[in-house]
Structure formats: structure tokens, C-alpha cells
Amino acid sequence: MKNNITNNAINTIRALSVDAVQKANSGHPGMPLGAAPIAYTLWEKHLNFNPQAPKWINRDRFVLSAGHASALLYSLLHLYSFDVTIDDLKDFRQFESNTPGHPEYGYTDGVEATTGPLGAGLSAAVGMAMAQEHMAAKYNQEGYPIIDNFTYVLAGDGDMMEGVTSEASSLAGTLKLGRLIVLYDSNAITIEGSTDIAFTENTRKRYEAYGFETFLVEDGNDIEAVNAAIEKAKSNLDQPSFIEIKTKIGYASNKEGSEKSHGAPLGEQAILDLKAKLNYPHTEPFTVGQEVKAHFEETVQAKKAVYNTWTTMFNEYKEKYPQLASQWEKDFSEITVEDIVEIDGYLDFENKPMSTRVLSGMMINRLKDHLPNLIGGSADLASSTMTLMDDESSFSADNYVGRNLHFGVREHAMASIGNGLTLYGGLKPYVATFFVFADFLKPMLRLSALMAIPLTYVFTHDSIGVGEDGPTHEPIEQLTMLRSTPNVTVFRPADATETAYGWALAASSTNKPTALILTRQNLPQLENTSADALKGGYVVYDSEKACDLILMASGSEVTLAIDSAKALEKDGINTRVVSVPSIELFKEQSLEYKESVLPNNVRKRIAIEAGSSLSWGGLVGLDGDYVCLDHFGGSAPGDVLFKEFGFTVENVVDKAKNLLK
Ligand SMILES: Cc1ncc(C[n+]2csc(CCOP(=O)(O)OP(=O)(O)O)c2C)c(N)n1
Ligand SMILES: [Mg+2]
């Protein structure tokens, strides 16, 4: 291979990547070796960024969907002057380093998304590209294209196999996201060997069918061809682009073309041989030649000049369009629960039975004018999840300014796209479906939580209250699943007031997703619900005397708890009812507060919830009992199911009396 500066630069990316994997004695050298020329061409010639302003809103997004190739990304970030030093590369995969095993959002400047799970990156990138179009439609003015960035994805065979990318790409094609460009590192190898064993379709034809313009580059080392394809992809703003680039996994190593190079260090001698074969001048690990260093620095200077030009334009824009500028300011500022509940009429409700899904829909519509960056939708269930914003248009290929999103029947992609919308910046997105289908999006909800980003999940039809649709549609274990996921606020309101606070919590969150768990069926308005709902658990009914028994419940079961307490009182049993819209918020409260709600000396406690009992043990303790559902539901009217499965005053009273015997 010719020893010019370009080859030297590409080989430096390769060398740093394999050195990092070797030092860590773990990681993935194969893809970095094969895909380095692609990444280099993209970053060198196309990607706009400023390493000193890694959050610049109009930067081009680069999402490494093949997250296992993290060493490649970290090498690029180092060479292009991001805050990733040689020492950080030496710390690859070590405790609390900024170079974790897979790219983790929030750990490393320049990492746009957490992408260890295959498919997560590409699908989130679709959300980023949607966000870009929305922000452009909202803010760009004649002569001021303040938002015109591209979203680039580097994906592998694994990403192409995962269903979530099909869901997301199908939507991307429909939405004609012309600034989304997928580069497919097509090396025909995954962990078990040749892709022939499990993956033989024509991926380009599939993407063509989705509505992408597709390209084939026969040789990933042909950087002219890679560059030409990217140029063409960029020039087509009417369709997203898919560039399949044939590469060799483990290129130039002794494991070239073999799955053996996928996920294990090459070995020191093999690295020396590789460097010799590449005609790479440095044998010492982690060495970047002076000339190469200067070359990357020069590129960074040019990129900074682009950034500076943008900043000048943006400053002019703000003067010329003060209204848009102040709107922009608002979109990028935080809002508190207090700000929200002060919205005129936010907490006004009629005293009549209503479902919390309908109430949630009211809250969305009370919020939408105050939060013009609120944007969201459902996986084809908007009329059931009540998530449409009135008088707002739909986001479509012809109308990117629309705020009502339509994900189609694609829960998994919906959540990942929601992540991408959130990650882009400036937006407050929500996504919605039936609670039972939380299972279909759980992997991406887990990533919202792991990335600590405030996507709101609206889950309706939250129990056997669904009724006739039967067990397939009746969530049982989903509350426990969500509650056992770290960094998610799970909030199941009991009435209008609690729903309003739930939405205030969700809309003001900055560092975690919120899951609002809502009923299909009507619930009465309760007398004593209040802002204390934000403490996760609070007393909503109490006996005059010190209580003998505590009933705890969430959502639709709080009314049953109160009715049961009243019945127990008639029999001389002093009963307190604690509404627990959020177990995790309650657990965060001070010991004093928790003691005031659940006094230690009152050990007779019953948890009432139309779902698995598993998440209540910590509050119920060893001396309590449950009126919960540890089996699947049934197909019958909801009120019949509640009765048949023991959600009756009689059953609660019986259990209470047994407990107190
Ligand atoms: C959802 C998910 N399933 C499985 C894995 C484990 N895994 C990591 S890489 C990989 C194979 C990926 O193959 P490819 O994308 O072709 O990468 P290459 O081997 O070419 O580097 C698998 C199965 C994962 N990271 N995410
Ligand atoms: Mg592969």
C-alpha cells in the first residue's frame, strides 16, 4: 500500500484501534480494520463538527450502530481532537474510563448514542433525522439554514439482521428523510461465521423498497468510490440513502475475512505483522506520527471554520428573528414542575369519573401551547392512547413541522426513534402504546434509562380493566418489569390530580424517562389526592385513631382501597390508605417521611394492584399480604374480571381480617 498521508491516517485509525483492544485484552478489532477507510472518508471529507463544541446543535450526527466497533470511534475521536486522549485509549474498557466497552451516551464527548445492542444506533438515528427536519422546518429562514445537518450511520451485518432497523428504516423511507445516510459495512461475517448461514436476502433491494436511494461500493478500501457515493447520497435530499460497502473484516491481519477477528485481540506478534503489512511506520503501540497528527489538526481547523461561520449566521439570525430566537431559547431551557402546574387551568377538573388515559390526553393538550417543543405520537393507537395534540398537524414527508407523530405499528422502533428525537436536542418527545406492548419496546426503553434521557412513555390500557380483548392485551408483569429497570420513573396515577402531576413530572424530567401507566376504564375523582403524589406514596385516607392496618394501592385500585378501608372501619378496624403512584419516587424520600406514611410499627399491610405482586415486597414486608394478580387475565368485561380475580371490598376485608387475627 502506498505510504501517502491518507493511507497513513487510515492506518493510524487501524493501529490505535487494535492497540486499544490488545491493551484491554478484550474488544473487537475486526470491524475497525475493515471499516477504517469508510470512517476516515466520512469524517475527513464530510462530517461537520467542532470538538470544542461537541454539543453544537447543527453538527452532523455520526452514529456507530455497530457499537462493538467502539475502538474505531474512540480512535477517530482522539485523532479529531475530541476529549479522548491517548491515555484514554490505553484505558479502553476499564472502570470509569471515558472509553467503555461499547459507546455509552454521556460518557464520552462525541458519542451520540448508546449503541451496544445491535439495531439501536440506526433506529435512533432515524429519530435524530426526524428531529433535524422538524427543527429545520420550525426555524430555518430564507438565507438562514441554521439547521441543515446530516445524520450518518455506520452499521454492520448485525444491524441489518435486527428487526428494529427494518421498522425504523421503513418509516425513514416513508418520511423521505433525505439527510439520513446509512453506510453499511458489508463484510458478510458475524460471530458465527459467514452471513450465508442465516442472512441471504438482498439488503440493498430491501432498502430500495423502503424508499432509500441505494449504492454499492465494491471495495471499502477504494476511498474515491466511498467518497463519490457519499457525495451522491448527500445530493439527494428527497430520499434517505443506503450505501452498501463491501469490506473485509480484520483487513490485513492474519485473521482477515474470518469471524475470528470479530471479537478478540489479535495478539502482539499479529499486530506487528499487521503494521508491517500495512507499511505502517510505528511499531510502538499507541503511536501517532507527527505528520498524521498535523494532518488531523489541519482538518479540525477547517471544521472549526465551518462552525464559526455557522455561529456568525446564527447570531445574525437571532437579531433578525427575535421571536424565533426567544422560542429557540425556550425550547432549550428546562422547565420545572412548579412552572407547569402554574399554567392557567392546568389543575382544573370536573368531579366526574374519567379514565386516566383521557385525562392524560387533556394534559397533553394543556401542555402543548406552553411547551411548543412537545412532540409525540403512538404506534397506530392514537385514538386509544389519547395522545393526539388537537389542532396540530401530523409530521409527514410534506410537513416536517407537524408535531403529531405516526410511528405505524412499530413499537420497538418507536421507542428508539423517541430516543433519537430526545438525543437530538430542543425537543420534548413522547411515545405511546398499550401497556402490554411495553414488551415490544423494552430494549429501547432500557436504553432511554441507561442514557439518562427524558423520553416520556404513555402506556394505556394498563390492566385487566381492558376486559374483553383478553389475556393477550392485559398487562400483568409489565409494572414489575419497568419498576425493576433502573433509572425509570414509573407513575400510575389514580385520578385527574395525580395524572396532572404525573405529566408535570414527565415534562420536567431532564435525566430519566418517565412511564405513565394509565387506565382505559373510568375512575372516580378522589378527595385527597394532591401534589404529594410526587413523593411517590402518600396518605389519601386515614382513620381518626392510630391505624391497625395500611392498604397500599396504585392507579385504579386506590378507590378499592378507600372503599375497603371504610368497610373495615365499620368493623372497628382503623385503616389507612396510601396511594402509591410511584414506588421508586417513594423509596427516594427521607426516612422521616417514609416513617410518617408507613409507620414501622404498623406491620399489617396489604398491597392492592391489578398486576404482579413482585414489586411490592419492600413496602409490604413479611407480615403483610397482597391483593395482586400473579396469573394471566381473562376475556370478559373488565368489571367481571376485577370481581372474579378478587378485586372486591369483600376480598380485601377478608384478607385484612385474616391478617389481623
Ligand atoms: C441485540 C444484540 N444482539 C446480539 C449482540 C451480540 N453481538 C455483538 S456483535 C455481533 C455480530 C455482529 O456482526 P456484524 O454487525 O456483522 O459485525 P462484524 O462481525 O462484522 O464486526 C453480535 C451477535 C448485540 N450486541 N446486540
Ligand atoms: Mg459483519
# chains A, B, ... in the order shown; residues from 1 in each chain; ligands from 1

call {"tool": "residues_near_ligand", "arguments": {"ligand": "ligand 1", "cutoff": "7 Å", "atoms": "only C-alpha atoms and all ligand atoms", "output": "PyMOL selection string"}}
result
chain A and resi 30-31+66+68-69+116-119+155-159+187-191+249+259+262

call {"tool": "write_last_selection", "arguments": {"atoms": "N, CA and C atoms", "output": "PDB file, in the first residue's frame"}}
result
ATOM      1  N   GLY A  30     -11.904  -6.487  14.444  1.00  0.00           N
ATOM      2  CA  GLY A  30     -12.222  -6.825  13.053  1.00  0.00           C
ATOM      3  C   GLY A  30     -12.850  -5.696  12.267  1.00  0.00           C
ATOM      4  N   MET A  31     -13.924  -5.146  12.815  1.00  0.00           N
ATOM      5  CA  MET A  31     -14.605  -4.098  12.061  1.00  0.00           C
ATOM      6  C   MET A  31     -13.766  -2.828  11.929  1.00  0.00           C
ATOM      7  N   ALA A  66     -22.949  -0.230  14.837  1.00  0.00           N
ATOM      8  CA  ALA A  66     -22.171  -1.430  15.192  1.00  0.00           C
ATOM      9  C   ALA A  66     -21.311  -1.071  16.404  1.00  0.00           C
ATOM     10  N   HIS A  68     -20.061  -2.488  18.817  1.00  0.00           N
ATOM     11  CA  HIS A  68     -18.902  -3.286  19.236  1.00  0.00           C
ATOM     12  C   HIS A  68     -17.610  -2.743  18.647  1.00  0.00           C
ATOM     13  N   ALA A  69     -17.719  -1.963  17.580  1.00  0.00           N
ATOM     14  CA  ALA A  69     -16.519  -1.373  16.976  1.00  0.00           C
ATOM     15  C   ALA A  69     -16.148  -0.055  17.669  1.00  0.00           C
ATOM     16  N   GLY A 116     -24.522  -0.377  22.076  1.00  0.00           N
ATOM     17  CA  GLY A 116     -24.098  -1.776  22.179  1.00  0.00           C
ATOM     18  C   GLY A 116     -25.091  -2.757  21.571  1.00  0.00           C
ATOM     19  N   PRO A 117     -26.383  -2.612  21.883  1.00  0.00           N
ATOM     20  CA  PRO A 117     -27.363  -3.525  21.311  1.00  0.00           C
ATOM     21  C   PRO A 117     -27.546  -3.244  19.814  1.00  0.00           C
ATOM     22  N   LEU A 118     -27.301  -4.230  19.001  1.00  0.00           N
ATOM     23  CA  LEU A 118     -27.358  -4.013  17.553  1.00  0.00           C
ATOM     24  C   LEU A 118     -28.745  -3.525  17.147  1.00  0.00           C
ATOM     25  N   GLY A 119     -28.777  -2.615  16.224  1.00  0.00           N
ATOM     26  CA  GLY A 119     -30.034  -2.041  15.765  1.00  0.00           C
ATOM     27  C   GLY A 119     -30.394  -0.745  16.475  1.00  0.00           C
ATOM     28  N   ALA A 155     -23.212   1.021  10.059  1.00  0.00           N
ATOM     29  CA  ALA A 155     -23.911  -0.173  10.537  1.00  0.00           C
ATOM     30  C   ALA A 155     -23.245  -1.426   9.978  1.00  0.00           C
ATOM     31  N   GLY A 156     -23.457  -2.543  10.661  1.00  0.00           N
ATOM     32  CA  GLY A 156     -22.887  -3.804  10.187  1.00  0.00           C
ATOM     33  C   GLY A 156     -23.967  -4.811   9.834  1.00  0.00           C
ATOM     34  N   ASP A 157     -23.533  -6.017   9.530  1.00  0.00           N
ATOM     35  CA  ASP A 157     -24.487  -7.075   9.170  1.00  0.00           C
ATOM     36  C   ASP A 157     -25.498  -7.307  10.295  1.00  0.00           C
ATOM     37  N   GLY A 158     -25.014  -7.249  11.527  1.00  0.00           N
ATOM     38  CA  GLY A 158     -25.910  -7.476  12.665  1.00  0.00           C
ATOM     39  C   GLY A 158     -27.038  -6.457  12.690  1.00  0.00           C
ATOM     40  N   ASP A 159     -26.704  -5.208  12.398  1.00  0.00           N
ATOM     41  CA  ASP A 159     -27.741  -4.165  12.360  1.00  0.00           C
ATOM     42  C   ASP A 159     -28.766  -4.459  11.273  1.00  0.00           C
ATOM     43  N   ASN A 187     -19.424  -6.921   5.423  1.00  0.00           N
ATOM     44  CA  ASN A 187     -18.277  -7.845   5.369  1.00  0.00           C
ATOM     45  C   ASN A 187     -18.715  -9.306   5.369  1.00  0.00           C
ATOM     46  N   ALA A 188     -20.019  -9.519   5.379  1.00  0.00           N
ATOM     47  CA  ALA A 188     -20.581 -10.875   5.254  1.00  0.00           C
ATOM     48  C   ALA A 188     -20.116 -11.816   6.356  1.00  0.00           C
ATOM     49  N   ILE A 189     -19.700 -11.241   7.465  1.00  0.00           N
ATOM     50  CA  ILE A 189     -19.274 -12.053   8.617  1.00  0.00           C
ATOM     51  C   ILE A 189     -19.966 -11.537   9.874  1.00  0.00           C
ATOM     52  N   THR A 190     -20.492 -12.444  10.643  1.00  0.00           N
ATOM     53  CA  THR A 190     -20.896 -12.123  12.018  1.00  0.00           C
ATOM     54  C   THR A 190     -20.229 -13.167  12.928  1.00  0.00           C
ATOM     55  N   ILE A 191     -20.633 -13.217  14.172  1.00  0.00           N
ATOM     56  CA  ILE A 191     -19.873 -14.021  15.140  1.00  0.00           C
ATOM     57  C   ILE A 191     -19.797 -15.508  14.768  1.00  0.00           C
ATOM     58  N   ILE A 249     -13.569  -8.041   7.032  1.00  0.00           N
ATOM     59  CA  ILE A 249     -13.367  -7.971   8.477  1.00  0.00           C
ATOM     60  C   ILE A 249     -11.915  -8.355   8.787  1.00  0.00           C
ATOM     61  N   GLU A 259     -14.350 -14.697  11.051  1.00  0.00           N
ATOM     62  CA  GLU A 259     -15.053 -14.272  12.259  1.00  0.00           C
ATOM     63  C   GLU A 259     -14.110 -14.244  13.459  1.00  0.00           C
ATOM     64  N   HIS A 262     -13.423 -10.927  14.777  1.00  0.00           N
ATOM     65  CA  HIS A 262     -14.558 -10.095  15.219  1.00  0.00           C
ATOM     66  C   HIS A 262     -14.374  -9.562  16.641  1.00  0.00           C
TER      67      HIS A 262
END

call {"tool": "select_by_dssp", "arguments": {"residues": "segment 244-487 of chain A", "states": "alpha helix (DSSP H)", "output": "PyMOL selection string"}}
result
chain A and resi 268-277+290-320+322-331+337-341+356-367+382-385+411-424+442-451+478-483

call {"tool": "closest_atom_pairs", "arguments": {"of": "segment 377-402 of chain A", "to": "segment 451-459 of chain A", "cutoff": "12 Å", "atoms": "only C-alpha atoms", "output": "JSON lines"}}
result
{"residue": "A:Gly377", "atom": "CA", "partner": "A:Val458", "partner_atom": "CA", "distance": 9.3}
{"residue": "A:Ser378", "atom": "CA", "partner": "A:Val458", "partner_atom": "CA", "distance": 8.6}
{"residue": "A:Ala379", "atom": "CA", "partner": "A:Val458", "partner_atom": "CA", "distance": 11.0}
{"residue": "A:Leu381", "atom": "CA", "partner": "A:Phe459", "partner_atom": "CA", "distance": 10.7}
{"residue": "A:Ala382", "atom": "CA", "partner": "A:Val458", "partner_atom": "CA", "distance": 10.5}
{"residue": "A:Ser384", "atom": "CA", "partner": "A:Phe459", "partner_atom": "CA", "distance": 10.4}
{"residue": "A:Thr385", "atom": "CA", "partner": "A:Phe459", "partner_atom": "CA", "distance": 7.3}
{"residue": "A:Met386", "atom": "CA", "partner": "A:Val458", "partner_atom": "CA", "distance": 9.2}
{"residue": "A:Thr387", "atom": "CA", "partner": "A:Val458", "partner_atom": "CA", "distance": 8.0}
{"residue": "A:Leu388", "atom": "CA", "partner": "A:Val458", "partner_atom": "CA", "distance": 11.7}

call {"tool": "atom_distance", "arguments": {"atom1": "atom CA of Pro32 of chain A", "atom2": "atom CA of Ser65 of chain A"}}
result
12.9 Å

call {"tool": "residues_around", "arguments": {"residues": "Glu297 of chain A", "least_positions_apart": "6", "cutoff": "10 Å", "atoms": "only C-alpha atoms", "output": "list in words"}}
result
Leu79, Tyr80, Ser81, Glu291 and Lys303 of chain A

call {"tool": "atom_distance", "arguments": {"atom1": "atom CA of Leu423 of chain A", "atom2": "atom CA of Leu518 of chain A"}}
result
25.8 Å

call {"tool": "residues_around", "arguments": {"residues": "segment 87-97 of chain A", "least_positions_apart": "6", "cutoff": "10 Å", "atoms": "only C-alpha atoms", "output": "ChimeraX atom specification"}}
result
/A:16-17,19-27,70-71,74-75,78,107-108,285-286

call {"tool": "atom_distance", "arguments": {"atom1": "atom CA of Gln521 of chain A", "atom2": "atom CA of Gly465 of chain A"}}
result
6.3 Å

call {"tool": "closest_residue", "arguments": {"among": "A:Asp532, A:Asp380, A:Glu569, A:Glu142", "to": "Tyr317 of chain A", "atoms": "only C-alpha atoms"}}
result
A:Glu142

call {"tool": "residues_around", "arguments": {"residues": "Ala125 of chain A", "least_positions_apart": "2", "cutoff": "8 Å", "atoms": "only C-alpha atoms", "output": "MDAnalysis selection string"}}
result
chainID A and resid 63 121:123 127:129 151:153 180 417 420

call {"tool": "write_last_selection", "arguments": {"atoms": "all heavy atoms", "output": "compact mmCIF listing (two decimals), in the first residue's frame"}}
result
# COMPACT_ATOMS: atom_id res chain seq x y z
N VAL A 63 -23.47 8.13 14.06
CA VAL A 63 -23.92 7.09 14.99
C VAL A 63 -23.28 5.76 14.59
O VAL A 63 -23.52 5.25 13.49
CB VAL A 63 -25.46 6.97 14.96
CG1 VAL A 63 -25.92 5.88 15.92
CG2 VAL A 63 -26.11 8.30 15.31
N GLY A 121 -28.58 1.85 17.23
CA GLY A 121 -28.00 3.07 16.66
C GLY A 121 -28.75 3.53 15.43
O GLY A 121 -29.19 4.68 15.34
N LEU A 122 -28.92 2.61 14.50
CA LEU A 122 -29.59 3.01 13.25
C LEU A 122 -31.01 3.50 13.52
O LEU A 122 -31.45 4.52 12.96
CB LEU A 122 -29.60 1.82 12.28
CG LEU A 122 -29.76 2.12 10.78
CD1 LEU A 122 -29.49 0.86 9.96
CD2 LEU A 122 -31.08 2.71 10.38
N SER A 123 -31.71 2.80 14.38
CA SER A 123 -33.10 3.20 14.63
C SER A 123 -33.17 4.54 15.37
O SER A 123 -34.03 5.38 15.07
CB SER A 123 -33.86 2.10 15.39
OG SER A 123 -33.13 1.66 16.51
N GLY A 127 -34.67 8.77 14.37
CA GLY A 127 -35.25 9.80 15.23
C GLY A 127 -34.47 11.11 15.15
O GLY A 127 -35.04 12.19 15.11
N MET A 128 -33.15 10.99 15.12
CA MET A 128 -32.32 12.20 15.01
C MET A 128 -32.59 12.91 13.68
O MET A 128 -32.66 14.14 13.62
CB MET A 128 -30.83 11.84 15.09
CG MET A 128 -30.41 11.29 16.43
SD MET A 128 -28.65 10.84 16.38
CE MET A 128 -28.52 9.91 17.92
N ALA A 129 -32.75 12.13 12.63
CA ALA A 129 -33.00 12.73 11.32
C ALA A 129 -34.39 13.37 11.28
O ALA A 129 -34.59 14.42 10.65
CB ALA A 129 -32.85 11.68 10.22
N THR A 151 -27.35 13.17 9.19
CA THR A 151 -27.21 12.10 10.18
C THR A 151 -26.61 10.89 9.48
O THR A 151 -27.21 10.36 8.53
CB THR A 151 -28.57 11.74 10.80
OG1 THR A 151 -29.12 12.91 11.42
CG2 THR A 151 -28.44 10.64 11.84
N TYR A 152 -25.41 10.50 9.90
CA TYR A 152 -24.73 9.36 9.28
C TYR A 152 -24.71 8.19 10.26
O TYR A 152 -24.51 8.36 11.46
CB TYR A 152 -23.28 9.72 8.96
CG TYR A 152 -23.12 10.83 7.95
CD1 TYR A 152 -22.88 12.14 8.36
CD2 TYR A 152 -23.21 10.57 6.58
CE1 TYR A 152 -22.73 13.16 7.43
CE2 TYR A 152 -23.06 11.60 5.65
CZ TYR A 152 -22.82 12.89 6.08
OH TYR A 152 -22.67 13.90 5.17
N VAL A 153 -24.91 7.02 9.69
CA VAL A 153 -24.88 5.80 10.50
C VAL A 153 -23.85 4.85 9.90
O VAL A 153 -23.82 4.68 8.68
CB VAL A 153 -26.26 5.10 10.47
CG1 VAL A 153 -26.24 3.85 11.34
CG2 VAL A 153 -27.36 6.05 10.90
N LEU A 180 -30.59 11.56 6.00
CA LEU A 180 -30.15 10.34 6.71
C LEU A 180 -29.35 9.48 5.73
O LEU A 180 -29.83 9.14 4.65
CB LEU A 180 -31.37 9.56 7.20
CG LEU A 180 -31.09 8.19 7.83
CD1 LEU A 180 -30.34 8.33 9.16
CD2 LEU A 180 -32.39 7.41 8.04
N ILE A 417 -36.65 5.57 18.11
CA ILE A 417 -36.79 6.86 17.44
C ILE A 417 -37.03 7.94 18.49
O ILE A 417 -36.48 9.05 18.41
CB ILE A 417 -37.92 6.80 16.39
CG1 ILE A 417 -37.47 5.93 15.20
CG2 ILE A 417 -38.31 8.20 15.92
CD1 ILE A 417 -38.59 5.58 14.22
N GLY A 420 -33.84 8.91 19.78
CA GLY A 420 -33.12 9.77 18.82
C GLY A 420 -33.67 11.19 18.82
O GLY A 420 -32.89 12.17 18.78

call {"tool": "residues_around", "arguments": {"residues": "Asp348 of chain A", "least_positions_apart": "2", "cutoff": "9 Å", "atoms": "only C-alpha atoms", "output": "VMD selection string"}}
result
chain A and resid 344 to 346 350 496 to 497

call {"tool": "select_by_dssp", "arguments": {"residues": "segment 211-342 of chain A", "states": "strand (DSSP E)", "output": "list in words"}}
result
Glu213, Thr214, Phe215, Leu216, Val217, Ser241, Phe242, Ile243, Glu244, Ile245 and Lys246 of chain A

call {"tool": "residues_around", "arguments": {"residues": "Asp398 of chain A", "least_positions_apart": "5", "cutoff": "12 Å", "atoms": "only C-alpha atoms", "output": "MDAnalysis selection string"}}
result
chainID A and resid 133:134 137 174:177 238 393

call {"tool": "closest_residue", "arguments": {"among": "A:Glu244, A:Glu316, A:Asp639, A:Glu609", "to": "ligand 2", "atoms": "only C-alpha atoms and all ligand atoms"}}
result
A:Glu244

call {"tool": "closest_residue", "arguments": {"among": "A:Arg403, A:Arg410, A:Lys587, A:Lys246", "to": "ligand 2", "atoms": "only C-alpha atoms and all ligand atoms"}}
result
A:Lys246

call {"tool": "closest_residue", "arguments": {"among": "A:Leu73, A:Ile583, A:Leu154, A:Leu405", "to": "ligand 2", "atoms": "only C-alpha atoms and all ligand atoms"}}
result
A:Leu154

call {"tool": "closest_residue", "arguments": {"among": "A:Asp625, A:Glu192, A:Asp390, A:Glu334", "to": "ligand 2", "atoms": "only C-alpha atoms and all ligand atoms"}}
result
A:Glu192

call {"tool": "closest_residue", "arguments": {"among": "A:Ile147, A:Val578, A:Ala35, A:Leu374", "to": "ligand 2", "atoms": "only C-alpha atoms and all ligand atoms"}}
result
A:Ala35
